[in-house]
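Dropping structure-v6.csv in here (CSV, C-alpha atoms and all ligand atoms):
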```csv
chain,number,residue,atom,x,y,z
X,18,MET,CA,2.6,1.9,-38.3
X,19,LYS,CA,-1.1,2.3,-38.6
X,20,LEU,CA,-3.0,1.0,-35.6
X,21,LEU,CA,-4.6,-2.3,-36.2
X,22,LEU,CA,-8.0,-0.9,-35.5
X,23,THR,CA,-7.8,1.6,-38.3
X,24,VAL,CA,-7.1,-1.3,-40.6
X,25,VAL,CA,-9.9,-3.3,-39.0
X,26,LYS,CA,-12.5,-0.6,-39.4
X,27,ARG,CA,-11.6,0.3,-43.0
X,28,ILE,CA,-11.7,-3.2,-44.2
X,29,HIS,CA,-14.7,-4.5,-42.3
X,30,LYS,CA,-17.3,-1.8,-42.0
X,31,ALA,CA,-19.9,-4.4,-41.1
X,32,PRO,CA,-23.5,-3.7,-41.5
X,33,LEU,CA,-25.4,-3.0,-38.3
X,34,CYS,CA,-27.5,-5.9,-37.2
X,35,ASN,CA,-30.8,-5.8,-35.5
X,36,ALA,CA,-30.0,-6.4,-31.9
X,37,PRO,CA,-31.4,-9.8,-30.9
X,38,ARG,CA,-33.4,-9.8,-27.7
X,39,CYS,CA,-31.6,-11.1,-24.7
X,40,LEU,CA,-32.9,-14.1,-22.8
X,41,SER,CA,-34.6,-13.1,-19.7
X,42,SER,CA,-35.3,-15.1,-16.5
X,43,VAL,CA,-32.6,-15.8,-14.0
X,44,ALA,CA,-32.6,-12.8,-11.8
X,45,ARG,CA,-29.2,-12.2,-10.3
X,46,SER,CA,-28.8,-9.7,-7.5
X,47,SER,CA,-25.8,-7.8,-6.4
X,48,GLY,CA,-22.5,-9.6,-6.0
X,49,PRO,CA,-18.9,-9.0,-5.1
X,50,ALA,CA,-17.3,-5.6,-4.7
X,51,ASN,CA,-16.6,-3.7,-7.9
X,52,SER,CA,-18.5,-6.0,-10.1
X,53,GLY,CA,-22.1,-5.9,-9.1
X,54,LEU,CA,-22.5,-9.5,-10.5
X,55,LEU,CA,-22.7,-12.8,-8.6
X,56,PRO,CA,-19.9,-15.0,-9.6
X,57,PHE,CA,-20.9,-17.0,-12.7
X,58,ARG,CA,-19.3,-20.3,-13.6
X,59,ASP,CA,-17.5,-20.1,-17.0
X,60,GLU,CA,-20.2,-22.1,-18.8
X,61,GLU,CA,-22.9,-19.7,-17.5
X,62,LEU,CA,-21.2,-16.8,-19.2
X,63,ILE,CA,-22.5,-17.6,-22.7
X,64,VAL,CA,-26.2,-17.6,-23.8
X,65,GLY,CA,-27.5,-17.9,-27.3
X,66,SER,CA,-30.3,-18.1,-29.7
X,67,SER,CA,-30.5,-21.9,-29.2
X,68,PRO,CA,-28.8,-24.5,-27.0
X,69,GLU,CA,-27.6,-26.2,-30.2
X,70,LEU,CA,-25.7,-23.0,-31.3
X,71,VAL,CA,-24.1,-22.6,-27.9
X,72,LYS,CA,-23.0,-26.2,-28.0
X,73,ARG,CA,-21.7,-26.0,-31.6
X,74,LEU,CA,-19.6,-23.0,-30.9
X,75,SER,CA,-18.4,-24.1,-27.5
X,76,SER,CA,-14.9,-25.0,-28.6
X,77,GLN,CA,-14.6,-21.7,-30.5
X,78,VAL,CA,-15.9,-19.3,-27.9
X,79,GLU,CA,-14.4,-19.2,-24.4
X,80,VAL,CA,-14.8,-16.9,-21.4
X,81,ARG,CA,-12.6,-17.5,-18.4
X,82,THR,CA,-13.5,-15.5,-15.3
X,83,GLU,CA,-10.8,-14.1,-12.9
X,84,PHE,CA,-8.1,-14.8,-15.5
X,85,ILE,CA,-6.1,-12.1,-13.9
X,86,SER,CA,-5.9,-10.9,-10.3
X,87,GLU,CA,-6.6,-7.4,-9.1
X,88,GLU,CA,-2.9,-6.9,-8.7
X,89,GLU,CA,-2.3,-7.9,-12.3
X,90,GLU,CA,-5.1,-5.6,-13.5
X,91,GLY,CA,-3.3,-2.8,-11.5
X,92,ALA,CA,0.0,-3.6,-13.1
X,93,LEU,CA,-1.5,-3.4,-16.5
X,94,MET,CA,-3.2,-0.1,-15.7
X,95,ARG,CA,0.0,1.4,-14.4
X,96,GLU,CA,1.7,0.6,-17.7
X,97,LEU,CA,-1.1,1.7,-19.9
X,98,GLU,CA,-2.7,4.6,-18.2
X,99,PRO,CA,0.1,7.2,-18.7
X,100,GLY,CA,0.1,6.7,-22.5
X,101,LEU,CA,-3.7,6.5,-22.8
X,102,ARG,CA,-4.3,9.6,-20.8
X,103,LYS,CA,-2.4,11.7,-23.4
X,104,LYS,CA,-5.0,10.8,-26.0
X,105,ARG,CA,-8.6,12.0,-26.4
X,106,TYR,CA,-11.5,9.7,-26.8
X,107,GLU,CA,-12.9,9.7,-30.4
X,108,PHE,CA,-16.6,10.2,-30.6
X,109,ASP,CA,-17.5,11.9,-33.7
X,110,HIS,CA,-16.7,9.7,-36.7
X,111,TRP,CA,-20.1,8.3,-37.6
X,112,ASP,CA,-18.6,5.6,-39.8
X,113,ASP,CA,-16.2,4.2,-37.3
X,114,ALA,CA,-16.7,0.7,-36.0
X,115,ILE,CA,-16.0,2.0,-32.6
X,116,HIS,CA,-17.6,5.0,-30.8
X,117,GLY,CA,-16.0,6.7,-27.8
X,118,TYR,CA,-12.6,5.1,-27.7
X,119,ARG,CA,-8.9,5.7,-27.7
X,120,GLU,CA,-6.3,3.1,-28.5
X,121,THR,CA,-2.7,2.2,-28.6
X,122,GLU,CA,-0.5,-0.8,-29.1
X,123,ARG,CA,2.5,-2.1,-27.2
X,124,VAL,CA,5.3,-4.5,-28.0
X,125,THR,CA,7.4,-4.5,-24.8
X,126,TRP,CA,6.1,-4.8,-21.3
X,127,GLY,CA,7.4,-4.9,-17.7
X,128,ALA,CA,7.9,-8.2,-16.1
X,129,ALA,CA,4.5,-8.5,-14.3
X,130,CYS,CA,2.6,-7.7,-17.5
X,131,GLU,CA,4.7,-9.9,-19.7
X,132,GLY,CA,3.9,-12.7,-17.3
X,133,VAL,CA,0.1,-12.1,-17.8
X,134,LEU,CA,0.5,-11.9,-21.6
X,135,SER,CA,2.5,-15.1,-21.8
X,136,ARG,CA,-0.3,-16.8,-19.9
X,137,VAL,CA,-2.9,-15.4,-22.4
X,138,ARG,CA,-0.8,-16.6,-25.3
X,139,SER,CA,-0.3,-20.1,-23.8
X,140,VAL,CA,-4.0,-20.7,-23.3
X,141,ALA,CA,-5.2,-19.1,-26.5
X,142,PHE,CA,-2.7,-20.0,-29.2
X,143,ALA,CA,-0.9,-23.1,-30.4
X,144,GLU,CA,2.8,-23.0,-29.7
X,145,ASP,CA,3.8,-22.7,-33.4
X,146,SER,CA,1.2,-20.1,-34.3
X,147,PRO,CA,2.9,-16.8,-35.3
X,148,LEU,CA,1.5,-13.9,-33.4
X,149,LEU,CA,0.9,-10.3,-34.3
X,150,GLY,CA,3.8,-8.6,-32.5
X,151,PRO,CA,2.1,-5.6,-30.9
X,152,VAL,CA,-0.7,-6.1,-28.4
X,153,HIS,CA,-3.7,-4.0,-29.1
X,154,ILE,CA,-5.1,-1.8,-26.3
X,155,LEU,CA,-8.6,-0.4,-26.7
X,156,ASP,CA,-9.9,2.1,-24.1
X,157,LEU,CA,-13.7,2.5,-24.3
X,158,ASP,CA,-15.2,5.4,-22.5
X,159,LYS,CA,-18.3,4.7,-20.3
X,160,ALA,CA,-20.4,5.9,-23.2
X,161,GLY,CA,-18.3,4.1,-25.8
X,162,TYR,CA,-19.3,0.9,-27.6
X,163,ILE,CA,-18.1,-1.3,-30.5
X,164,LYS,CA,-20.4,-1.9,-33.4
X,165,PRO,CA,-20.7,-5.3,-35.1
X,166,HIS,CA,-17.7,-6.0,-37.2
X,167,ILE,CA,-15.4,-8.8,-38.3
X,168,ASP,CA,-11.7,-8.3,-37.8
X,169,SER,CA,-9.7,-8.0,-41.0
X,170,VAL,CA,-8.8,-11.4,-42.4
X,171,LYS,CA,-5.9,-9.9,-44.2
X,172,PHE,CA,-4.2,-8.7,-41.0
X,173,CYS,CA,-5.4,-11.1,-38.3
X,174,GLY,CA,-5.5,-14.8,-38.1
X,175,SER,CA,-8.0,-17.4,-36.7
X,176,THR,CA,-7.8,-16.4,-33.0
X,177,ILE,CA,-8.6,-13.3,-31.0
X,178,ALA,CA,-7.9,-13.3,-27.2
X,179,GLY,CA,-8.9,-10.3,-25.1
X,180,LEU,CA,-8.6,-9.4,-21.4
X,181,SER,CA,-11.2,-7.0,-20.0
X,182,LEU,CA,-10.1,-4.4,-17.5
X,183,LEU,CA,-12.1,-2.0,-15.3
X,184,SER,CA,-15.6,-3.1,-16.3
X,185,ASP,CA,-17.9,-6.0,-17.0
X,186,SER,CA,-19.4,-5.9,-20.5
X,187,ILE,CA,-21.5,-7.9,-22.9
X,188,MET,CA,-20.0,-9.1,-26.2
X,189,ARG,CA,-22.5,-10.1,-28.8
X,190,LEU,CA,-21.8,-12.4,-31.7
X,191,VAL,CA,-24.2,-12.5,-34.6
X,192,LYS,CA,-23.9,-14.8,-37.6
X,193,GLU,CA,-23.4,-12.9,-40.8
X,194,GLY,CA,-26.3,-13.4,-43.1
X,195,ALA,CA,-28.4,-15.1,-40.4
X,196,THR,CA,-29.0,-12.6,-37.7
X,197,ASN,CA,-31.3,-15.0,-35.8
X,198,GLU,CA,-28.2,-16.9,-34.8
X,199,TRP,CA,-26.4,-15.2,-32.0
X,200,LEU,CA,-24.5,-15.6,-28.7
X,201,ASP,CA,-24.2,-13.1,-25.9
X,202,LEU,CA,-21.0,-13.4,-23.7
X,203,LEU,CA,-20.9,-11.9,-20.3
X,204,LEU,CA,-17.3,-10.6,-20.0
X,205,PRO,CA,-16.7,-10.0,-16.3
X,206,ARG,CA,-14.0,-7.5,-15.4
X,207,ARG,CA,-10.6,-9.3,-15.3
X,208,SER,CA,-11.8,-12.2,-17.5
X,209,LEU,CA,-10.3,-13.5,-20.7
X,210,TYR,CA,-12.3,-14.2,-23.8
X,211,ILE,CA,-11.1,-16.2,-26.9
X,212,LEU,CA,-12.8,-16.3,-30.3
X,213,ARG,CA,-11.6,-18.8,-32.8
X,214,ASP,CA,-12.4,-20.1,-36.3
X,215,GLN,CA,-16.0,-19.8,-37.4
X,216,ALA,CA,-16.9,-17.7,-34.3
X,217,ARG,CA,-14.2,-15.3,-35.5
X,218,TYR,CA,-14.8,-15.4,-39.3
X,219,ASP,CA,-18.5,-16.0,-39.7
X,220,PHE,CA,-20.0,-14.0,-36.8
X,221,THR,CA,-19.7,-10.3,-36.2
X,222,HIS,CA,-18.7,-9.3,-32.7
X,223,GLU,CA,-19.6,-6.1,-30.8
X,224,ILE,CA,-19.5,-4.7,-27.3
X,225,LEU,CA,-22.8,-3.3,-26.2
X,226,LYS,CA,-23.4,0.2,-25.1
X,227,ASP,CA,-24.4,0.8,-21.4
X,228,GLU,CA,-28.1,1.2,-22.2
X,229,GLU,CA,-28.3,-2.2,-23.9
X,230,SER,CA,-26.0,-4.0,-21.6
X,231,LEU,CA,-28.2,-6.8,-20.2
X,232,PHE,CA,-27.5,-10.5,-19.4
X,233,HIS,CA,-30.3,-12.8,-18.5
X,234,GLY,CA,-32.4,-9.7,-18.3
X,235,GLN,CA,-30.1,-8.2,-15.6
X,236,LYS,CA,-28.4,-4.9,-16.2
X,237,VAL,CA,-24.6,-5.2,-16.5
X,238,PRO,CA,-23.5,-1.6,-16.0
X,239,ARG,CA,-20.8,-0.6,-18.4
X,240,GLN,CA,-18.0,1.6,-17.0
X,241,ARG,CA,-14.9,2.7,-18.7
X,242,ARG,CA,-13.5,-0.5,-20.2
X,243,ILE,CA,-10.0,-1.4,-21.4
X,244,SER,CA,-9.3,-4.4,-23.5
X,245,VAL,CA,-5.9,-5.9,-24.0
X,246,ILE,CA,-6.1,-8.0,-27.2
X,247,CYS,CA,-3.7,-10.6,-28.6
X,248,ARG,CA,-4.1,-11.9,-32.2
X,249,ASN,CA,-2.2,-14.3,-34.4
X,250,LEU,CA,-1.2,-13.7,-38.0
X,251,PRO,CA,-3.1,-15.1,-40.9
X,252,ALA,CA,-1.9,-18.5,-42.0
X,301,LIG,C1,-11.6,-4.9,-31.9
X,301,LIG,C2,-12.5,-5.5,-31.0
X,301,LIG,C3,-13.1,-6.2,-28.7
X,301,LIG,C4,-12.7,-5.8,-27.3
X,301,LIG,O1,-10.8,-4.1,-31.4
X,301,LIG,O2,-11.6,-5.3,-33.1
X,301,LIG,O3,-13.4,-6.2,-31.4
X,301,LIG,O4,-12.8,-6.6,-26.4
X,301,LIG,N1,-12.3,-5.4,-29.6
X,301,LIG,O5,-12.4,-4.6,-27.1
X,302,MN,MN,-12.9,-6.9,-33.4
```
Please, can you express the file's structure as structure tokens?
Amino acid sequence: MKLLLTVVKRIHKAPLCNAPRCLSSVARSSGPANSGLLPFRDEELIVGSSPELVKRLSSQVEVRTEFISEEEEGALMRELEPGLRKKRYEFDHWDDAIHGYRETERVTWGAACEGVLSRVRSVAFAEDSPLLGPVHILDLDKAGYIKPHIDSVKFCGSTIAGLSLLSDSIMRLVKEGATNEWLDLLLPRRSLYILRDQARYDFTHEILKDEESLFHGQKVPRQRRISVICRNLPA
């Protein structure tokens, strides 16, 4: 089976948007070990072009900090790393939606990981929503990034839920056809994000490269980052 991402990038080669300027002001200094960030409350993890837009999308864009524990992150890494290590990061395809990545997908998991995934599913999806069987794993190199795109509406449904492993990062949402409307999401390591409905269909999403990775004017260093992404099927 073709990896989902191949499908995603072929169908939605979204135009590159002009990067909106980040808000600047609140200076945050160093924080907990291995994250460099002070703990943010969930509602502080989303900033946008206007308070109205942040409010309007608040039921469609969620970030939950510390959704998984360090032990659970370790269990996921132990399952994923051996397979990922056999692949090489792809850098050279100028037309890809993603730069500096390797990817895989997984249907069956060990007990610890299955527990994590069923928690993700239970918070992100309605009980009767049919899910895409395989979970998508995307491993971004430290120098890797995801360009603005919209996931294929043919292959993926209304909801995208992703765990972030190994690194903090910034996800940017930009309204298609109105690039002055945007949100920046701080995705702390071990957090879960959920995009639904308009936020998923009408806004491109991207993961910023290290050089552009700022939140409230504060650098959010990008390390190697692995995302574990669950999606539902189109209705
Ligand atoms: C994708 C995507 C986001 C992430 O694979 O389509 O947007 O968190 N991934 O890795
Ligand atoms: Mn995507």
For ligand LIG 301 (chain X), which residue among X:Arg213, X:Ile154, X:Trp199, X:Val237 is the nearest when counting all atoms listed in the file? X:Ile154
Would you list the residues that come within 7 Å of ligand MN 302 (chain X)? Count all atoms listed in the file and give the answer as a ChimeraX atom specification. /X:166-168,222
Chain X residues near ligand LIG 301 (chain X) within 6 Å, closest pair each, using only C-alpha atoms and all ligand atoms, as a tab-separated table:
```
residue	atom	partner	partner_atom	distance
X:Leu22	CA	X:LIG301	O1	5.9
X:Leu155	CA	X:LIG301	O5	5.7
X:Asp168	CA	X:LIG301	O2	5.6
X:Gly179	CA	X:LIG301	O4	5.5
X:Ser244	CA	X:LIG301	O5	4.8
```
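Candidate residues X:Glu69, X:Asp59, X:Glu223, X:Asp113 were compared for distance to Leu209 in chain X, and the nearest is X:Asp59, using only C-alpha atoms.
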Looking at all atoms listed in the file, which of X:Ser135, X:Ser175, X:Ser146, X:Ser86 is the one that sits closest to Ile211 in chain X?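 Among the listed residues, X:Ser175 lies closest to Ile211 in chain X.
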Of the residues X:Leu62, X:Val133, X:Leu54, X:Ser75, which is the one nearest to Glu87 in chain X, using all atoms listed in the file? X:Val133
Quick one: distance from CA of Gly174 in chain X to CA of Gln240 in chain X in Å, one decimal?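 If I compute the distance from CA of Gly174 in chain X to CA of Gln240 in chain X, I get 29.5 Å.
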Restricting the calculation to only C-alpha atoms: of X:Leu183, X:Ile163, X:Val78, X:Leu204, which residue gets closest to Leu225 in chain X?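 When distances to Leu225 in chain X are compared using only C-alpha atoms, the smallest one comes from X:Ile163.
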Selection as a list in words: residues within 9 Å of (-12.9, 2.0, -17.0), counting only C-alpha atoms: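 Final list of nearby residues, as requested, is Asp156, Leu157, Asp158, Lys159, Leu182, Leu183, Ser184, Arg239, Gln240, Arg241, Arg242 and Ile243 of chain X.
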For Pro151 in chain X, which of X:Arg217, X:Arg123, X:Arg138, X:Arg189 is the closest residue, counting only C-alpha atoms?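 For Pro151 in chain X, the nearest of the candidates is X:Arg123.
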